[in-house]
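Scroll down for the structure; my scribbles are underneath it.
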Amino acid sequence: MLDRDDTHAPTVINAPVVAGRPLPLRVAVPLAIAAGLALLVAFPPYGVWPLAPVGVALLAAAAHRRRLRAGAGLGFLTGVALFAPLLAWTNLHTGYLPWVLLSLLQAGYLALLGAATAWVSPLVDRARWAWPALTGLLWVGQEALRDRTPFGGFPWGRLAFSQDTSPLLRLAALGGAPLVTFAVALVGGLLVTAVWHLWATTRRTAPMHRSGTDVTGAAPADPAADAVATTAGDGPQDADGPLDGPLDGPAPAGGAPARRWTPVVVPAVVAVALTAGGLLVPVATAGSGDTVTVAIVQGNVPRLGLDFNAQRQAVLNNHVDATIELAGRVAAGQQRRPDLVVWPENSSDIDPLRNPTAGARISQAADTIGAPILVGAVLLGPDAGQVRNAGILWHPGTGADLDQLYTKRHPVPFAEYVPLRDVARLVSKKVDLIRNDFVPGSTPGVVRAGTAVLGDVICFEVAYDEVVRDTVTGGAQLLVVQTNNATFDVAEARQQMAMVRLRAVEHGRPALMASTVGVSGFVAPDGRVSDATGFNTREVVVRQLRLDDGRTLATRLGWWPEVALAALAAAALVGAAVLRRRQRVRPG
């Protein structure tokens, strides 16, 4: 007979999962800020793409083994350092408060990422080789959430959009933007793994050198004197004191220096190989279909800013006049006649379907050039107090083709429509500049222009995976992005062009971006940009393009790569929860 009932007594696990303390806060805080700045410089207009995985690695190191609140705080610092300057173009004409609120909102998602990074620390310390993959999965999960919430999300600043000149861009042809983001973060995870092991290895060997011991033959120092074992959520994990070190056990015994350095060298080599390996992904340099000649008209605006649309007739006239001038060069034999002319978003903010004068001016341009024009127009309706941001095909001789009209499916909240208007007015009186809310369209932007089937997306829609993909699955042979950058600056325009480059590779299509003020240009299916225009200039560029109607693996897979990666991220969070629970108390 038992003296006491041991059948239900809890047994505390003695074997620790987490070894060592996190980095001191005096180190982690600067690392988190540096992470945000490194990520920032990876994006256009700077374009130093290798710094994206460096930024990922710095945040991963800073948040590792921290309590959840500390991890969230460090992630938030990274987010502010990234998004405040990255989105600075939003404050040019609307004041500081909307910019600050948007930046803080986006930083909040990196706070969640920092907390998630801290949460999975027991998994990382149990299996160090899993750190790179966990880092990649958490970044994809964070972006999947940020791309959709709130009010349809704001995908600006995705890791994938920093890689427009990187070998990793080619991975978009296999799995779209989510796979590129995963690869960038995976490389970052490999870097932090290598550096973490390097730091651990030097700490193991340094005491031996100081004591005069032969590091290749002496027995290792007592690991208990070199590391502090803590269970998840317990112990002085955020103490700003002496760092005990991320040691997972004793150093290898004498005669094995190669074994000590293998965990350092292998992740670093894999990171380089993975990045360079992107060049092995096959992408087309041009389309494989018919050849068409396309003209982009960048008519410019009288002055930059929110009041550009107060000069609506002048903006329309600029685009009409530039098209007529192109027709003159065609008639003189100086330029090939285009099969299609593309005008940007807001090239006619006067509804040409209801205003005879505006319609007549566009017809004049189309008749003179002798080619259809894809016009970016603001159309009234369908109901009172509503408007639509649309691309409409305008034929020479017959005018507007109402069967080839695309209405923007994803209007920008607080810019094209105002949710919670009374609350938003407390933040900025400028919301009342949006007198009429833009209503979304319901069908993909597949526009049949005779010689080519266009995949039309308008402005920020290029950042949304499904909006672009729907045009390709609907038969688009040429991707067209109509945009208006007159209320922003050249940095925003270049960031947008980077997205166009990714979409061209993702779907194996030639693409173009037509802007009112720049940057406009053509993009080949391998992401190369041609005939890029300047900013705040009036220019017309003409180029021959080969269309394509094939489908890349990314097009065929659709959103499934993101679903799979996000599901694995969720599974990792659940796995970390189970491990944390088991390492505290296990029923006997």
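Labels used: A, B, ... for chains in the order of the structure tokens, numbers from 1 for residues in each chain, and numbers from 1 for ligands as shown.
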
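Around Pro263 of chain A, within 9 Å and counting only C-alpha atoms, the residues found are Thr193, Ala194, His197, Leu198 and Ala268 of chain A, once anything fewer than 5 positions away on its own chain is removed.
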
Writing out the chosen residues with N, CA, C and O atoms as a short mmCIF file (atom, residue, chain, number, x, y, z; two decimals), in the first residue's frame:
data_model
loop_
_atom_site.label_atom_id
_atom_site.label_comp_id
_atom_site.auth_asym_id
_atom_site.auth_seq_id
_atom_site.Cartn_x
_atom_site.Cartn_y
_atom_site.Cartn_z
N THR A 193 21.02 32.36 -37.42
CA THR A 193 21.49 31.07 -36.91
C THR A 193 23.01 30.99 -36.97
O THR A 193 23.66 30.55 -36.00
N ALA A 194 23.58 31.41 -38.09
CA ALA A 194 25.03 31.37 -38.23
C ALA A 194 25.71 32.28 -37.22
O ALA A 194 26.69 31.90 -36.56
N HIS A 197 25.43 30.94 -33.61
CA HIS A 197 26.40 29.87 -33.38
C HIS A 197 27.83 30.41 -33.32
O HIS A 197 28.66 29.92 -32.54
N LEU A 198 28.13 31.41 -34.16
CA LEU A 198 29.46 32.02 -34.13
C LEU A 198 29.74 32.62 -32.76
O LEU A 198 30.82 32.44 -32.18
N ALA A 268 25.46 29.87 -43.18
CA ALA A 268 25.92 30.99 -44.01
C ALA A 268 26.04 30.58 -45.47
O ALA A 268 25.62 31.31 -46.38
#

Excluding same-chain residues fewer than 2 positions from segment 271-285 of chain A, what lies within 7 Å of it counting only C-alpha atoms, as a ChimeraX atom specification?
-> /A:167-168,170-171,187,190-191,267-269,287,508,524-526

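Proximity ranking of A:Val265, A:Ala200, A:Ile362, A:Ala498 relative to Trp49 of chain A places A:Ala498 first, based on only C-alpha atoms.
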
Backbone DSSP call of strand (DSSP E or B) for segment 347-454 of chain A, listed as number ranges by chain = A: 348, 373-380, 386-395, 399-407, 413, 417, 437-438, 446-448, 453-454

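If only C-alpha atoms are the atoms counted, then among A:Leu547, A:Leu402, A:Val439, A:Val481 the closest residue to Ala384 of chain A is A:Val439.
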
Please extract the residues of segment 320-481 of chain A with a backbone DSSP assignment of helix (DSSP H, G or I) and present them as a CSV table (one decimal) with N, CA and C atoms, in the first residue's frame.
chain,number,residue,atom,x,y,z
A,320,VAL,N,-4.5,64.8,-73.8
A,320,VAL,CA,-5.0,64.9,-75.1
A,320,VAL,C,-3.9,65.5,-76.0
A,321,ASP,N,-3.3,66.6,-75.6
A,321,ASP,CA,-2.3,67.3,-76.4
A,321,ASP,C,-1.1,66.4,-76.6
A,322,ALA,N,-0.7,65.7,-75.6
A,322,ALA,CA,0.5,64.8,-75.7
A,322,ALA,C,0.2,63.7,-76.7
A,323,THR,N,-1.0,63.2,-76.7
A,323,THR,CA,-1.4,62.1,-77.7
A,323,THR,C,-1.4,62.7,-79.1
A,324,ILE,N,-1.9,63.9,-79.3
A,324,ILE,CA,-2.0,64.5,-80.6
A,324,ILE,C,-0.5,64.8,-81.1
A,325,GLU,N,0.3,65.2,-80.2
A,325,GLU,CA,1.7,65.4,-80.6
A,325,GLU,C,2.4,64.0,-81.0
A,326,LEU,N,2.0,62.9,-80.3
A,326,LEU,CA,2.5,61.6,-80.8
A,326,LEU,C,2.0,61.3,-82.2
A,327,ALA,N,0.7,61.6,-82.4
A,327,ALA,CA,0.2,61.4,-83.8
A,327,ALA,C,0.9,62.2,-84.8
A,328,GLY,N,1.4,63.3,-84.5
A,328,GLY,CA,2.2,64.1,-85.4
A,328,GLY,C,3.5,63.5,-85.7
A,329,ARG,N,4.2,62.9,-84.8
A,329,ARG,CA,5.4,62.2,-85.0
A,329,ARG,C,5.2,60.9,-85.8
A,330,VAL,N,4.0,60.3,-85.6
A,330,VAL,CA,3.7,59.1,-86.4
A,330,VAL,C,3.5,59.5,-87.8
A,331,ALA,N,2.8,60.6,-88.1
A,331,ALA,CA,2.5,61.0,-89.4
A,331,ALA,C,3.8,61.5,-90.1
A,356,PRO,N,-20.1,66.2,-72.4
A,356,PRO,CA,-19.8,66.1,-73.8
A,356,PRO,C,-18.5,66.7,-74.2
A,357,THR,N,-18.0,67.8,-73.5
A,357,THR,CA,-16.8,68.4,-73.9
A,357,THR,C,-15.6,67.5,-73.6
A,358,ALA,N,-15.6,66.9,-72.4
A,358,ALA,CA,-14.5,65.9,-72.1
A,358,ALA,C,-14.5,64.7,-73.0
A,359,GLY,N,-15.7,64.2,-73.4
A,359,GLY,CA,-15.8,63.1,-74.3
A,359,GLY,C,-15.3,63.5,-75.7
A,360,ALA,N,-15.6,64.7,-76.1
A,360,ALA,CA,-15.2,65.1,-77.4
A,360,ALA,C,-13.6,65.3,-77.5
A,361,ARG,N,-13.0,65.7,-76.4
A,361,ARG,CA,-11.6,65.9,-76.4
A,361,ARG,C,-10.9,64.5,-76.5
A,362,ILE,N,-11.4,63.5,-75.8
A,362,ILE,CA,-10.8,62.2,-75.8
A,362,ILE,C,-11.0,61.6,-77.2
A,363,SER,N,-12.2,61.8,-77.8
A,363,SER,CA,-12.4,61.3,-79.1
A,363,SER,C,-11.5,61.9,-80.1
A,364,GLN,N,-11.2,63.2,-79.9
A,364,GLN,CA,-10.2,63.9,-80.8
A,364,GLN,C,-8.9,63.2,-80.7
A,365,ALA,N,-8.4,62.9,-79.5
A,365,ALA,CA,-7.1,62.2,-79.4
A,365,ALA,C,-7.2,60.8,-80.0
A,366,ALA,N,-8.2,60.1,-79.8
A,366,ALA,CA,-8.3,58.7,-80.3
A,366,ALA,C,-8.4,58.7,-81.9
A,367,ASP,N,-9.1,59.7,-82.4
A,367,ASP,CA,-9.3,59.8,-83.9
A,367,ASP,C,-7.9,60.2,-84.5
A,368,THR,N,-7.2,61.1,-83.9
A,368,THR,CA,-6.0,61.6,-84.4
A,368,THR,C,-4.9,60.5,-84.4
A,369,ILE,N,-4.8,59.8,-83.3
A,369,ILE,CA,-3.7,58.8,-83.3
A,369,ILE,C,-4.1,57.5,-84.0
A,421,ARG,N,-16.7,58.0,-41.1
A,421,ARG,CA,-16.4,59.4,-41.5
A,421,ARG,C,-16.4,60.4,-40.3
A,422,ASP,N,-17.3,60.2,-39.4
A,422,ASP,CA,-17.4,61.2,-38.2
A,422,ASP,C,-16.1,61.0,-37.3
A,423,VAL,N,-15.7,59.8,-37.2
A,423,VAL,CA,-14.5,59.6,-36.4
A,423,VAL,C,-13.3,60.0,-37.1
A,424,ALA,N,-13.2,59.7,-38.4
A,424,ALA,CA,-12.1,60.2,-39.3
A,424,ALA,C,-11.9,61.7,-39.3
A,425,ARG,N,-13.0,62.4,-39.2
A,425,ARG,CA,-13.0,63.8,-39.3
A,425,ARG,C,-12.3,64.4,-38.0
A,426,LEU,N,-12.4,63.7,-36.9
A,426,LEU,CA,-11.6,64.1,-35.7
A,426,LEU,C,-10.1,64.0,-35.9
A,427,VAL,N,-9.7,63.1,-36.8
A,427,VAL,CA,-8.3,62.9,-37.1
A,427,VAL,C,-7.8,64.0,-38.1
A,429,LYS,N,-9.4,67.0,-40.9
A,429,LYS,CA,-10.5,67.7,-41.6
A,429,LYS,C,-10.5,67.4,-43.1
A,430,LYS,N,-9.3,67.0,-43.6
A,430,LYS,CA,-9.1,66.8,-45.1
A,430,LYS,C,-9.9,65.6,-45.6
A,431,VAL,N,-10.5,64.8,-44.7
A,431,VAL,CA,-11.3,63.7,-45.2
A,431,VAL,C,-12.5,64.2,-45.9
A,432,ASP,N,-12.9,65.4,-45.6
A,432,ASP,CA,-14.1,66.0,-46.3
A,432,ASP,C,-13.8,66.5,-47.7
A,433,LEU,N,-12.5,66.4,-48.1
A,433,LEU,CA,-12.1,66.6,-49.5
A,433,LEU,C,-12.7,65.4,-50.4
A,459,CYS,N,-3.7,51.7,-59.6
A,459,CYS,CA,-3.0,52.3,-58.5
A,459,CYS,C,-2.6,51.2,-57.5
A,460,PHE,N,-3.0,51.3,-56.2
A,460,PHE,CA,-2.6,50.5,-55.1
A,460,PHE,C,-3.0,49.0,-55.3
A,461,GLU,N,-3.9,48.8,-56.3
A,461,GLU,CA,-4.4,47.4,-56.5
A,461,GLU,C,-3.2,46.5,-56.9
A,462,VAL,N,-2.2,47.0,-57.4
A,462,VAL,CA,-1.0,46.2,-57.8
A,462,VAL,C,-0.4,45.4,-56.7
A,463,ALA,N,-0.6,45.9,-55.4
A,463,ALA,CA,-0.1,45.3,-54.2
A,463,ALA,C,-0.9,44.1,-53.8
A,465,ASP,N,-2.4,40.5,-54.3
A,465,ASP,CA,-2.2,39.3,-55.1
A,465,ASP,C,-3.4,38.9,-55.9
A,466,GLU,N,-4.5,38.8,-55.3
A,466,GLU,CA,-5.7,38.2,-56.0
A,466,GLU,C,-6.2,39.2,-57.1
A,467,VAL,N,-6.1,40.5,-56.9
A,467,VAL,CA,-6.6,41.4,-57.9
A,467,VAL,C,-5.9,41.3,-59.2
A,468,VAL,N,-4.6,41.2,-59.1
A,468,VAL,CA,-3.8,41.0,-60.3
A,468,VAL,C,-4.0,39.6,-60.9
A,469,ARG,N,-4.0,38.6,-60.1
A,469,ARG,CA,-4.1,37.2,-60.6
A,469,ARG,C,-5.4,37.0,-61.3
A,470,ASP,N,-6.5,37.6,-60.8
A,470,ASP,CA,-7.8,37.4,-61.4
A,470,ASP,C,-7.8,37.9,-62.9
A,471,THR,N,-7.0,38.9,-63.2
A,471,THR,CA,-7.0,39.3,-64.6
A,471,THR,C,-6.3,38.3,-65.5
A,472,VAL,N,-5.2,37.7,-64.9
A,472,VAL,CA,-4.5,36.7,-65.7
A,472,VAL,C,-5.3,35.5,-65.9
A,473,THR,N,-5.9,35.0,-64.9
A,473,THR,CA,-6.8,33.8,-65.1
A,473,THR,C,-8.0,34.1,-66.0

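The residue that comes closest to Ala449 of chain A, out of A:Ala566, A:Leu159, A:Ala400, A:Ala493 and on the basis of only C-alpha atoms, is A:Ala400.
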
How many Å lie between atom CA of Leu573 of chain A and atom CA of Arg26 of chain A, rounded to one decimal?
-> 27.4 Å

Can you tell me, as a PyMOL selection string, what residues are no more than 12 Å from Val292 of chain A when counting only C-alpha atoms, ignoring any on the same chain fewer than 2 positions away?
-> chain A and resi 287-290+294-295+336-341+371+449-454+477-478+510+542-548

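Once Leu553 of chain A and its same-chain neighbours fewer than 4 positions away are set aside, A:Ala172, A:Ala173, A:Leu174, A:Gly175, A:Gly176, A:Glu506, A:His507, A:Gly508, A:Leu557, A:Gly558 remain within 10 Å of it when counting only C-alpha atoms.
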
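Relative to atom CA of Val378 of chain A, atom CA of Asp349 of chain A is found at 4.9 Å.
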
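The two atoms in question, atom CA of Val541 of chain A and atom CA of Leu374 of chain A, are spaced 15.0 Å apart.
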
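For Ala32 of chain A, the residues within 6 Å (counting only C-alpha atoms, excluding itself and residues fewer than 2 positions away along the chain) are A:Val29, A:Pro30, A:Ala34, A:Ala35, A:Leu59, A:Leu74, A:Thr78.
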
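Comparing A:Leu379, A:Val418, A:Ala486, A:Ile373 by their smallest distance to Asp401 of chain A, the closest is A:Ile373 (using only C-alpha atoms).
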
Can you list, as a PyMOL selection string, every protein, DNA or RNA residue that comes within 9 Å of segment 95-105 of chain A when you count only C-alpha atoms, leaving out same-chain residues fewer than 4 positions away?
-> chain A and resi 76+79-80+82-91+109+427-428+430

Just-selected residues, N, CA and C atoms written as a PDB file, in the first residue's frame:
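Saved file part-v5.pdb follows:
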ATOM      1  N   PHE A  76       7.628  46.292 -32.367  1.00  0.00           N
ATOM      2  CA  PHE A  76       7.022  47.594 -32.630  1.00  0.00           C
ATOM      3  C   PHE A  76       8.092  48.631 -32.976  1.00  0.00           C
ATOM      4  N   GLY A  79       9.001  48.104 -36.457  1.00  0.00           N
ATOM      5  CA  GLY A  79       7.948  48.580 -37.346  1.00  0.00           C
ATOM      6  C   GLY A  79       7.948  50.083 -37.509  1.00  0.00           C
ATOM      7  N   VAL A  80       8.138  50.806 -36.422  1.00  0.00           N
ATOM      8  CA  VAL A  80       8.179  52.270 -36.509  1.00  0.00           C
ATOM      9  C   VAL A  80       9.376  52.718 -37.329  1.00  0.00           C
ATOM     10  N   LEU A  82      10.794  51.177 -39.664  1.00  0.00           N
ATOM     11  CA  LEU A  82      10.556  50.854 -41.070  1.00  0.00           C
ATOM     12  C   LEU A  82       9.470  51.712 -41.684  1.00  0.00           C
ATOM     13  N   PHE A  83       8.284  51.685 -41.086  1.00  0.00           N
ATOM     14  CA  PHE A  83       7.121  52.247 -41.765  1.00  0.00           C
ATOM     15  C   PHE A  83       7.041  53.766 -41.698  1.00  0.00           C
ATOM     16  N   ALA A  84       7.528  54.376 -40.636  1.00  0.00           N
ATOM     17  CA  ALA A  84       7.439  55.840 -40.569  1.00  0.00           C
ATOM     18  C   ALA A  84       8.157  56.499 -41.743  1.00  0.00           C
ATOM     19  N   PRO A  85       9.406  56.147 -42.029  1.00  0.00           N
ATOM     20  CA  PRO A  85      10.027  56.748 -43.217  1.00  0.00           C
ATOM     21  C   PRO A  85       9.546  56.148 -44.533  1.00  0.00           C
ATOM     22  N   LEU A  86       9.204  54.850 -44.554  1.00  0.00           N
ATOM     23  CA  LEU A  86       8.762  54.232 -45.802  1.00  0.00           C
ATOM     24  C   LEU A  86       7.478  54.867 -46.315  1.00  0.00           C
ATOM     25  N   LEU A  87       6.597  55.258 -45.396  1.00  0.00           N
ATOM     26  CA  LEU A  87       5.302  55.834 -45.761  1.00  0.00           C
ATOM     27  C   LEU A  87       5.273  57.345 -45.607  1.00  0.00           C
ATOM     28  N   ALA A  88       6.440  57.964 -45.566  1.00  0.00           N
ATOM     29  CA  ALA A  88       6.501  59.417 -45.361  1.00  0.00           C
ATOM     30  C   ALA A  88       5.781  60.179 -46.463  1.00  0.00           C
ATOM     31  N   TRP A  89       5.660  59.580 -47.640  1.00  0.00           N
ATOM     32  CA  TRP A  89       4.968  60.247 -48.741  1.00  0.00           C
ATOM     33  C   TRP A  89       3.483  60.466 -48.455  1.00  0.00           C
ATOM     34  N   THR A  90       2.933  59.768 -47.455  1.00  0.00           N
ATOM     35  CA  THR A  90       1.511  59.954 -47.150  1.00  0.00           C
ATOM     36  C   THR A  90       1.245  61.261 -46.408  1.00  0.00           C
ATOM     37  N   ASN A  91       2.291  61.913 -45.888  1.00  0.00           N
ATOM     38  CA  ASN A  91       2.058  63.147 -45.131  1.00  0.00           C
ATOM     39  C   ASN A  91       2.333  64.403 -45.947  1.00  0.00           C
ATOM     40  N   TYR A 109       1.617  45.372 -36.551  1.00  0.00           N
ATOM     41  CA  TYR A 109       1.725  44.011 -37.076  1.00  0.00           C
ATOM     42  C   TYR A 109       3.125  43.446 -36.835  1.00  0.00           C
ATOM     43  N   VAL A 427      -9.699  63.124 -36.814  1.00  0.00           N
ATOM     44  CA  VAL A 427      -8.273  62.943 -37.061  1.00  0.00           C
ATOM     45  C   VAL A 427      -7.772  63.978 -38.062  1.00  0.00           C
ATOM     46  N   SER A 428      -8.527  64.191 -39.136  1.00  0.00           N
ATOM     47  CA  SER A 428      -8.099  65.145 -40.157  1.00  0.00           C
ATOM     48  C   SER A 428      -9.326  65.698 -40.866  1.00  0.00           C
ATOM     49  N   LYS A 430      -9.285  66.954 -43.627  1.00  0.00           N
ATOM     50  CA  LYS A 430      -9.115  66.754 -45.057  1.00  0.00           C
ATOM     51  C   LYS A 430      -9.929  65.575 -45.591  1.00  0.00           C
TER      52      LYS A 430
END

Just the residues within 9 Å of Phe151 of chain A, please, counting only C-alpha atoms, with nothing from its chain fewer than 5 positions along; format it as a PyMOL selection string.
-> chain A and resi 412-413+419

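Candidate residues A:Leu110, A:Val574, A:Ala60, A:Val519 were compared for distance to Val490 of chain A, and the nearest is A:Val519, using only C-alpha atoms.
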